[in-house]
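Trainee: Sending over data-v3.pdb (PDB, C-alpha atoms).
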```pdb
MODEL        1
ATOM      1  CA  LEU A   1       0.000   0.000   0.000
ATOM      2  CA  ARG A   2       2.832   2.368   0.864
ATOM      3  CA  GLU A   3       4.537   1.665  -2.444
ATOM      4  CA  ALA A   4       1.291   2.182  -4.377
ATOM      5  CA  VAL A   5       0.631   5.569  -2.759
ATOM      6  CA  ASP A   6       4.257   6.559  -3.244
ATOM      7  CA  GLY A   7       3.978   5.717  -6.942
ATOM      8  CA  LEU A   8       0.725   7.663  -7.238
ATOM      9  CA  LEU A   9       2.278  10.769  -5.680
ATOM     10  CA  ARG A  10       5.324  10.539  -7.916
ATOM     11  CA  ALA A  11       3.160  10.115 -11.006
ATOM     12  CA  ALA A  12       1.236  13.231  -9.943
ATOM     13  CA  GLY A  13       4.467  15.165  -9.653
ATOM     14  CA  ARG A  14       4.319  15.457  -5.856
ATOM     15  CA  GLY A  15       7.678  13.868  -5.070
ATOM     16  CA  GLY A  16       6.526  10.708  -3.325
ATOM     17  CA  ILE A  17       5.736   9.867   0.292
ATOM     18  CA  ASP A  18       8.973  11.285   1.645
ATOM     19  CA  CYS A  19       7.784  14.741   0.597
ATOM     20  CA  VAL A  20       4.553  14.563   2.638
ATOM     21  CA  ASP A  21       4.308  17.548   5.006
ATOM     22  CA  GLN A  22       4.224  15.811   8.419
ATOM     23  CA  THR A  23       2.957  18.909  10.240
ATOM     24  CA  ARG A  24       0.043  19.280   7.890
ATOM     25  CA  LEU A  25      -0.656  15.541   8.080
ATOM     26  CA  ARG A  26      -0.911  15.771  11.880
ATOM     27  CA  GLU A  27      -3.202  18.796  11.669
ATOM     28  CA  CYS A  28      -5.500  17.030   9.211
ATOM     29  CA  THR A  29      -5.505  13.892  11.357
ATOM     30  CA  ILE A  30      -6.666  15.864  14.401
ATOM     31  CA  ARG A  31      -9.487  17.465  12.399
ATOM     32  CA  TYR A  32     -10.699  14.254  10.844
ATOM     33  CA  ASN A  33     -10.410  12.308  14.104
ATOM     34  CA  ALA A  34     -12.813  14.801  15.681
ATOM     35  CA  LEU A  35     -15.219  14.525  12.747
ATOM     36  CA  ARG A  36     -15.179  10.724  12.795
ATOM     37  CA  ARG A  37     -15.852  10.685  16.549
ATOM     38  CA  LEU A  38     -18.937  12.837  16.017
ATOM     39  CA  VAL A  39     -20.236  10.623  13.204
ATOM     40  CA  ARG A  40     -19.642   7.493  15.287
ATOM     41  CA  GLY A  41     -21.326   9.180  18.235
ATOM     42  CA  VAL A  42     -24.447   9.963  16.206
ATOM     43  CA  ALA A  43     -24.618   6.386  14.889
ATOM     44  CA  GLY A  44     -24.069   4.973  18.385
ATOM     45  CA  VAL A  45     -26.829   7.026  19.990
ATOM     46  CA  ARG A  46     -29.163   6.212  17.121
ATOM     47  CA  ARG A  47     -28.700   2.511  17.824
ATOM     48  CA  ALA A  48     -30.377   3.034  21.192
ATOM     49  CA  LYS A  49     -32.813   5.664  19.863
ATOM     50  CA  PRO A  50     -33.667   4.639  16.283
ATOM     51  CA  ALA A  51     -36.658   6.959  16.121
ATOM     52  CA  SER A  52     -34.346   9.954  16.483
ATOM     53  CA  LEU A  53     -33.105   9.727  12.881
ATOM     54  CA  SER A  54     -34.244   7.900   9.782
ATOM     55  CA  CYS A  55     -31.819   5.978   7.597
ATOM     56  CA  GLN A  56     -32.259   8.748   5.038
ATOM     57  CA  ASP A  57     -31.210  11.295   7.671
ATOM     58  CA  LEU A  58     -28.153   9.231   8.557
ATOM     59  CA  ALA A  59     -27.205   8.926   4.880
ATOM     60  CA  VAL A  60     -27.211  12.722   4.584
ATOM     61  CA  ILE A  61     -24.920  12.949   7.616
ATOM     62  CA  HIS A  62     -22.517  10.410   6.123
ATOM     63  CA  GLU A  63     -22.463  12.178   2.775
ATOM     64  CA  ALA A  64     -21.870  15.579   4.363
ATOM     65  CA  ALA A  65     -19.038  14.200   6.495
ATOM     66  CA  MET A  66     -17.454  12.627   3.419
ATOM     67  CA  VAL A  67     -17.539  15.573   1.044
ATOM     68  CA  LEU A  68     -17.577  18.776   3.100
ATOM     69  CA  PRO A  69     -14.705  20.290   5.114
ATOM     70  CA  PRO A  70     -14.773  19.185   8.772
ATOM     71  CA  ASP A  71     -15.083  22.785   9.978
ATOM     72  CA  THR A  72     -18.310  23.104   7.987
ATOM     73  CA  VAL A  73     -19.902  19.919   9.286
ATOM     74  CA  GLU A  74     -18.692  19.642  12.892
ATOM     75  CA  PRO A  75     -20.868  22.370  14.499
ATOM     76  CA  TYR A  76     -24.044  20.844  13.085
ATOM     77  CA  LEU A  77     -23.073  17.326  14.109
ATOM     78  CA  ALA A  78     -22.121  18.473  17.614
ATOM     79  CA  ASP A  79     -25.511  20.168  18.063
ATOM     80  CA  LEU A  80     -27.313  17.132  16.669
ATOM     81  CA  LEU A  81     -25.459  14.715  18.944
ATOM     82  CA  ASP A  82     -26.173  16.897  21.962
ATOM     83  CA  ALA A  83     -29.886  16.958  21.127
ATOM     84  CA  MET A  84     -29.968  13.191  20.584
ATOM     85  CA  ASN A  85     -28.254  12.567  23.919
ATOM     86  CA  ARG A  86     -30.947  14.584  25.703
ATOM     87  CA  GLU A  87     -33.763  12.523  24.222
ATOM     88  CA  PRO A  88     -34.994   9.587  26.350
ATOM     89  CA  GLU A  89     -34.731   6.050  25.024
ATOM     90  CA  SER A  90     -38.010   4.731  23.672
ATOM     91  CA  GLY A  91     -37.639   1.248  25.153
ATOM     92  CA  GLU A  92     -38.741  -0.195  21.829
ATOM     93  CA  VAL A  93     -37.192  -3.596  21.083
ATOM     94  CA  ARG A  94     -35.933  -4.110  17.544
ATOM     95  CA  VAL A  95     -33.696  -6.751  15.977
ATOM     96  CA  PRO A  96     -30.119  -5.409  15.532
ATOM     97  CA  ALA A  97     -29.294  -5.925  11.868
ATOM     98  CA  LEU A  98     -26.553  -5.489   9.278
ATOM     99  CA  VAL A  99     -27.377  -4.770   5.634
ATOM    100  CA  TYR A 100     -25.174  -6.117   2.841
ATOM    101  CA  GLN A 101     -25.267  -4.493  -0.603
ATOM    102  CA  SER A 102     -23.187  -2.343  -2.947
ATOM    103  CA  PHE A 103     -23.780   1.398  -3.196
ATOM    104  CA  ILE A 104     -26.664   2.742  -1.132
ATOM    105  CA  ASN A 105     -28.758   4.160  -3.938
ATOM    106  CA  ASP A 106     -31.813   4.932  -1.861
ATOM    107  CA  SER A 107     -32.009   4.785   1.935
ATOM    108  CA  ILE A 108     -35.794   4.533   1.726
ATOM    109  CA  LEU A 109     -35.176   0.792   1.323
ATOM    110  CA  TRP A 110     -33.353   0.727   4.667
ATOM    111  CA  ASP A 111     -36.131   2.690   6.346
ATOM    112  CA  GLY A 112     -38.562   0.063   5.104
ATOM    113  CA  ILE A 113     -36.395  -2.687   6.588
ATOM    114  CA  GLU A 114     -36.346  -0.876   9.928
ATOM    115  CA  GLU A 115     -40.098  -0.310   9.903
ATOM    116  CA  ALA A 116     -40.454  -4.079   9.575
ATOM    117  CA  GLY A 117     -38.926  -4.482  13.038
ATOM    118  CA  CYS A 118     -35.143  -3.999  12.798
ATOM    119  CA  VAL A 119     -32.591  -1.363  13.618
ATOM    120  CA  ILE A 120     -29.677  -1.240  11.186
ATOM    121  CA  VAL A 121     -26.634  -0.868  13.405
ATOM    122  CA  GLU A 122     -23.974  -1.772  10.833
ATOM    123  CA  ASP A 123     -23.604  -2.235   7.107
ATOM    124  CA  ASP A 124     -21.312  -3.887   4.614
ATOM    125  CA  SER A 125     -21.819  -1.514   1.731
ATOM    126  CA  CYS A 126     -19.854   0.865  -0.453
ATOM    127  CA  GLY A 127     -19.528   4.180   1.371
ATOM    128  CA  GLY A 128     -21.280   3.106   4.561
ATOM    129  CA  ARG A 129     -20.576   3.446   8.278
ATOM    130  CA  ARG A 130     -17.191   1.738   8.337
ATOM    131  CA  GLN A 131     -15.413   4.591   6.575
ATOM    132  CA  PHE A 132     -15.704   6.510   9.857
ATOM    133  CA  GLU A 133     -14.410   3.740  12.131
ATOM    134  CA  MET A 134     -10.743   4.572  12.310
ATOM    135  CA  SER A 135      -8.968   7.264  14.282
ATOM    136  CA  TYR A 136      -5.210   7.714  14.431
ATOM    137  CA  SER A 137      -2.635   8.926  16.922
ATOM    138  CA  ALA A 138      -1.731  12.380  15.628
ATOM    139  CA  ASP A 139       1.396  12.453  17.834
ATOM    140  CA  ASN A 140       2.819   9.283  16.341
ATOM    141  CA  PRO A 141       6.143  10.189  14.662
ATOM    142  CA  ARG A 142       5.363   7.430  12.150
ATOM    143  CA  LEU A 143       1.805   8.580  11.545
ATOM    144  CA  LEU A 144       1.704   7.761   7.856
ATOM    145  CA  GLU A 145       2.871   4.206   8.555
ATOM    146  CA  GLU A 146       0.159   3.902  11.216
ATOM    147  CA  ILE A 147      -2.476   4.948   8.687
ATOM    148  CA  PHE A 148      -1.217   2.459   6.105
ATOM    149  CA  ASP A 149      -1.128  -0.319   8.703
ATOM    150  CA  ALA A 150      -4.679   0.430   9.851
ATOM    151  CA  TYR A 151      -5.965   0.366   6.282
ATOM    152  CA  SER A 152      -4.357  -3.020   5.736
ATOM    153  CA  TYR A 153      -6.797  -4.463   8.296
ATOM    154  CA  ARG A 154      -9.941  -3.066   6.689
ATOM    155  CA  PRO A 155     -12.287  -5.581   5.031
ATOM    156  CA  LEU A 156     -12.200  -3.488   1.831
ATOM    157  CA  CYS A 157     -14.236  -4.202  -1.292
ATOM    158  CA  PRO A 158     -14.971  -7.865  -2.175
ATOM    159  CA  SER A 159     -13.475  -7.241  -5.615
ATOM    160  CA  VAL A 160     -10.017  -6.679  -4.058
ATOM    161  CA  ARG A 161     -10.149  -8.541  -0.715
ATOM    162  CA  PRO A 162     -10.468 -12.363  -0.803
ATOM    163  CA  LEU A 163     -13.510 -13.709   0.985
ATOM    164  CA  GLY A 164     -11.492 -15.574   3.617
ATOM    165  CA  GLU A 165      -9.764 -12.369   4.655
ATOM    166  CA  ARG A 166     -13.044 -10.433   4.762
ATOM    167  CA  VAL A 167     -14.529 -13.108   6.999
ATOM    168  CA  GLU A 168     -11.609 -12.923   9.425
ATOM    169  CA  LEU A 169     -11.466  -9.131   9.479
ATOM    170  CA  PHE A 170     -15.192  -8.429   9.699
ATOM    171  CA  TYR A 171     -17.682 -11.272   9.772
ATOM    172  CA  ARG A 172     -16.040 -13.139  12.659
ATOM    173  CA  MET A 173     -16.839 -10.064  14.785
ATOM    174  CA  VAL A 174     -20.481  -9.607  13.775
ATOM    175  CA  LYS A 175     -21.858 -11.752  16.609
ATOM    176  CA  SER A 176     -19.776  -9.935  19.238
ATOM    177  CA  GLN A 177     -21.209  -6.611  18.019
ATOM    178  CA  GLY A 178     -24.682  -7.739  19.019
ATOM    179  CA  ILE A 179     -25.902  -8.186  15.444
ATOM    180  CA  GLU A 180     -28.591 -10.846  15.193
ATOM    181  CA  LEU A 181     -29.577 -10.587  11.526
ATOM    182  CA  VAL A 182     -27.757  -9.930   8.243
ATOM    183  CA  VAL A 183     -29.933  -8.839   5.319
ATOM    184  CA  PHE A 184     -28.384  -9.548   1.909
ATOM    185  CA  VAL A 185     -30.051  -7.311  -0.696
ATOM    186  CA  GLU A 186     -29.102  -9.506  -3.628
ATOM    187  CA  ASP A 187     -30.288  -7.339  -6.520
ATOM    188  CA  GLN A 188     -28.401  -4.357  -5.083
ATOM    189  CA  CYS A 189     -25.070  -6.225  -5.181
ATOM    190  CA  CYS A 190     -22.296  -6.044  -7.755
ATOM    191  CA  PRO A 191     -21.050  -9.378  -9.158
ATOM    192  CA  ALA A 192     -18.252  -9.590  -6.546
ATOM    193  CA  ARG A 193     -20.632  -9.077  -3.628
ATOM    194  CA  LYS A 194     -23.255 -11.403  -5.083
ATOM    195  CA  ARG A 195     -20.604 -14.121  -5.549
ATOM    196  CA  ASP A 196     -19.844 -14.150  -1.790
ATOM    197  CA  ILE A 197     -23.389 -14.337  -0.426
ATOM    198  CA  GLY A 198     -23.649 -18.130  -0.276
ATOM    199  CA  ILE A 199     -20.477 -18.705   1.730
ATOM    200  CA  LEU A 200     -21.158 -15.750   4.008
ATOM    201  CA  ARG A 201     -24.591 -17.195   4.806
ATOM    202  CA  ASP A 202     -22.942 -20.427   5.940
ATOM    203  CA  VAL A 203     -20.355 -18.561   8.037
ATOM    204  CA  LEU A 204     -23.050 -16.504   9.736
ATOM    205  CA  MET A 205     -25.316 -19.459  10.494
ATOM    206  CA  ARG A 206     -22.420 -21.356  12.069
ATOM    207  CA  SER A 207     -21.690 -18.330  14.287
ATOM    208  CA  GLY A 208     -25.313 -18.000  15.424
ATOM    209  CA  VAL A 209     -26.325 -15.018  13.270
ATOM    210  CA  ASP A 210     -29.387 -15.308  11.024
ATOM    211  CA  PRO A 211     -28.944 -14.432   7.320
ATOM    212  CA  ILE A 212     -31.772 -13.717   4.910
ATOM    213  CA  VAL A 213     -31.443 -13.013   1.199
ATOM    214  CA  VAL A 214     -33.923 -10.471  -0.170
ATOM    215  CA  THR A 215     -34.492  -8.131  -3.086
ATOM    216  CA  ALA A 216     -35.224  -4.434  -2.892
ATOM    217  CA  GLU A 217     -38.836  -5.233  -3.742
ATOM    218  CA  ASN A 218     -39.497  -7.837  -1.051
ATOM    219  CA  ALA A 219     -37.013  -6.759   1.642
ATOM    220  CA  ALA A 220     -39.518  -5.216   4.054
ATOM    221  CA  ALA A 221     -41.936  -8.132   3.733
ATOM    222  CA  GLU A 222     -39.201 -10.739   4.249
ATOM    223  CA  VAL A 223     -37.809  -8.942   7.290
ATOM    224  CA  ARG A 224     -41.285  -8.517   8.744
ATOM    225  CA  GLU A 225     -41.901 -12.244   8.369
ATOM    226  CA  TYR A 226     -38.546 -12.999   9.998
ATOM    227  CA  VAL A 227     -39.380 -10.769  12.975
ATOM    228  CA  ARG A 228     -42.808 -12.405  13.272
ATOM    229  CA  ARG A 229     -41.279 -15.886  13.343
ATOM    230  CA  CYS A 230     -38.760 -14.837  15.954
ATOM    231  CA  GLY A 231     -41.545 -13.553  18.152
TER
ENDMDL
END
```
For this file, write the structure as structure tokens.
Mentor:
Amino acid sequence: LREAVDGLLRAAGRGGIDCVDQTRLRECTIRYNALRRLVRGVAGVRRAKPASLSCQDLAVIHEAAMVLPPDTVEPYLADLLDAMNREPESGEVRVPALVYQSFINDSILWDGIEEAGCVIVEDDSCGGRRQFEMSYSADNPRLLEEIFDAYSYRPLCPSVRPLGERVELFYRMVKSQGIELVVFVEDQCCPARKRDIGILRDVLMRSGVDPIVVTAENAAAEVREYVRRCG
């Protein structure tokens, strides 16, 4: 990974990794650490208070945090998180779920899944929650190496990460995260994601997590039936 980024910088005429401004890198790390903590905080509170934000609302937050400067987004997220923390928990019991698909084209689908009796607490999708997981030690004198090392442990896209590695880095931990159900939205998957569904279903069932394979059209109905069967 280090060599690939070094080559990219050299090809762009930026002199390679050795020319990275370490002071600026630390400053950016501090800013983005703070932003990621806020995004994770909002998602964490929403897990306990799912009525506080819809999946569409959360998608807007994720998109804003991805594309806008941290200084633009942080004040709004801080106010939102403060307001969410003040709200009481509803006490409503929902099934903690993970959704598996490619790009999230329309979060209305996820809202429909939640209305059927789930709360989506994690996802394995392109551009989802996991892009905000990592924070880094800004004082590390080898900060760039820390960032590269951390990225080497990410599940990454199924088109570049072998299934066995993705299982070890992500799916072995699903049960410990309190996730009870994984919803595979098959017709929203690229060929690489669709290819892995069968084996992932087996892995999940052996670990005590229920998998169901749905389409965008029948997702809410299938999840509702699952919740009904589970009582």
Trainee: Skipping near chain neighbours, those fewer than 4 positions away, what residues fall within 9 Å of Ser159 (chain A) using only C-alpha atoms, listed as a list in words?
Mentor: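 Here the qualifying residues turn out to be Pro191, Ala192 and Arg193 of chain A.
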Trainee: Tell me, in Å to one decimal, how far CA of Ser102 (chain A) is from CA of Lys175 (chain A).
Mentor: 21.7 Å
Trainee: Please, which residues are within 9 Å of (3.0, 14.6, 10.2) by the file's coordinates, counting all atoms listed in the file, and could they come as a JSON list (two decimals) with C-alpha atoms, keeping the file's coordinate frame?
Mentor:
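Contents of selection.json, freshly written:
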```
[["chain", "number", "residue", "atom", "x", "y", "z"],
["A", 20, "VAL", "CA", 4.55, 14.56, 2.64],
["A", 21, "ASP", "CA", 4.31, 17.55, 5.01],
["A", 22, "GLN", "CA", 4.22, 15.81, 8.42],
["A", 23, "THR", "CA", 2.96, 18.91, 10.24],
["A", 24, "ARG", "CA", 0.04, 19.28, 7.89],
["A", 25, "LEU", "CA", -0.66, 15.54, 8.08],
["A", 26, "ARG", "CA", -0.91, 15.77, 11.88],
["A", 27, "GLU", "CA", -3.20, 18.80, 11.67],
["A", 28, "CYS", "CA", -5.50, 17.03, 9.21],
["A", 29, "THR", "CA", -5.50, 13.89, 11.36],
["A", 138, "ALA", "CA", -1.73, 12.38, 15.63],
["A", 139, "ASP", "CA", 1.40, 12.45, 17.83],
["A", 140, "ASN", "CA", 2.82, 9.28, 16.34],
["A", 141, "PRO", "CA", 6.14, 10.19, 14.66],
["A", 142, "ARG", "CA", 5.36, 7.43, 12.15],
["A", 143, "LEU", "CA", 1.80, 8.58, 11.54],
["A", 144, "LEU", "CA", 1.70, 7.76, 7.86]]
```
Trainee: Which residues match the PyMOL selection byres ((chain A and resi 120) around 9) in the file above, as a count of residues only?
Mentor: 18
Trainee: Could you give me, as a list in words, the residues within 10 Å of region 207-210 of chain A, counting all atoms listed in the file and dropping anything in the same chain fewer than 6 positions from it?
Mentor: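 Counting all atoms listed in the file, the residues come to Ala97, Tyr171, Arg172, Met173, Val174, Lys175, Ser176, Gly178, Ile179, Glu180, Leu181, Val182, Val183, Arg201 and Tyr226 of chain A.
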Trainee: Kindly export the residues of the current selection with C-alpha atoms, as a JSON list (two decimals), keeping the file's coordinate frame.
Mentor:
```json
[["chain", "number", "residue", "atom", "x", "y", "z"],
["A", 97, "ALA", "CA", -29.29, -5.92, 11.87],
["A", 171, "TYR", "CA", -17.68, -11.27, 9.77],
["A", 172, "ARG", "CA", -16.04, -13.14, 12.66],
["A", 173, "MET", "CA", -16.84, -10.06, 14.78],
["A", 174, "VAL", "CA", -20.48, -9.61, 13.78],
["A", 175, "LYS", "CA", -21.86, -11.75, 16.61],
["A", 176, "SER", "CA", -19.78, -9.94, 19.24],
["A", 178, "GLY", "CA", -24.68, -7.74, 19.02],
["A", 179, "ILE", "CA", -25.90, -8.19, 15.44],
["A", 180, "GLU", "CA", -28.59, -10.85, 15.19],
["A", 181, "LEU", "CA", -29.58, -10.59, 11.53],
["A", 182, "VAL", "CA", -27.76, -9.93, 8.24],
["A", 183, "VAL", "CA", -29.93, -8.84, 5.32],
["A", 201, "ARG", "CA", -24.59, -17.20, 4.81],
["A", 226, "TYR", "CA", -38.55, -13.00, 10.00]]
```
Trainee: I'd like the interatomic distance between CA of Ser125 (chain A) and CA of Pro155 (chain A), to a tenth of an Å.
Mentor: 10.9 Å
Trainee: Extending 8 Å beyond the listed atoms of region 136-139 of chain A on each side, what axis-aligned box results? I want centre and edge lengths in Å to one decimal, as AutoDock Vina command-line options.
Mentor:
```
--center_x -1.9 --center_y 10.1 --center_z 16.1 --size_x 22.6 --size_y 20.7 --size_z 19.4
```
Trainee: When the PyMOL selection byres ((chain A and resi 33-36) around 7) is applied to the structure above, which residues does it catch, written out as a CSV table (one decimal) with C-alpha atoms, in the frame of the given file?
Mentor:
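Below is the file that was written, part.csv:
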```csv
chain,number,residue,atom,x,y,z
A,29,THR,CA,-5.5,13.9,11.4
A,30,ILE,CA,-6.7,15.9,14.4
A,31,ARG,CA,-9.5,17.5,12.4
A,32,TYR,CA,-10.7,14.3,10.8
A,37,ARG,CA,-15.9,10.7,16.5
A,38,LEU,CA,-18.9,12.8,16.0
A,39,VAL,CA,-20.2,10.6,13.2
A,40,ARG,CA,-19.6,7.5,15.3
A,70,PRO,CA,-14.8,19.2,8.8
A,74,GLU,CA,-18.7,19.6,12.9
A,132,PHE,CA,-15.7,6.5,9.9
A,135,SER,CA,-9.0,7.3,14.3
A,136,TYR,CA,-5.2,7.7,14.4
```
Trainee: Have a look at CA of Asp187 (chain A) and CA of Ala216 (chain A) and let me know their distance in Å, one decimal.
Mentor: 6.8 Å
Trainee: Please provide as a list in words all residues within 12 Å of Cys189 (chain A), with the sequence filter that same-chain residues fewer than 6 positions apart are discarded (counting only C-alpha atoms).
Mentor: Val99, Tyr100, Gln101, Ser102, Phe103, Ile104, Asn105, Asp124, Ser125, Cys126, Cys157, Pro158, Ser159, Val183, Arg195, Asp196, Ile197, Val213, Val214, Thr215 and Ala216 of chain A
Trainee: Find the residue from A:Val185, A:Leu53, A:Ala59, A:Leu68 that sits nearest to Leu80 (chain A); use all atoms listed in the file when measuring.
Mentor: A:Leu53
Trainee: Ranking A:Ile147, A:Cys19, A:Met84, A:Met134 by minimum distance to Arg2 (chain A) and counting only C-alpha atoms, which one comes first?
Mentor: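 Closest candidate: A:Ile147.
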Trainee: Using all atoms listed in the file, find the one residue out of A:Asp149, A:Arg228, A:Thr72, A:Ala220 that sits nearest to Ile108 (chain A).
Mentor: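 For Ile108 (chain A), the nearest of the candidates is A:Ala220.
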Trainee: Taking the file as I've supplied it (selection: the PyMOL selection byres ((chain A and resi 87) around 12)), which residues are included? Please answer as a ChimeraX atom specification.
Mentor: /A:45-46,48-53,80-86,88-91
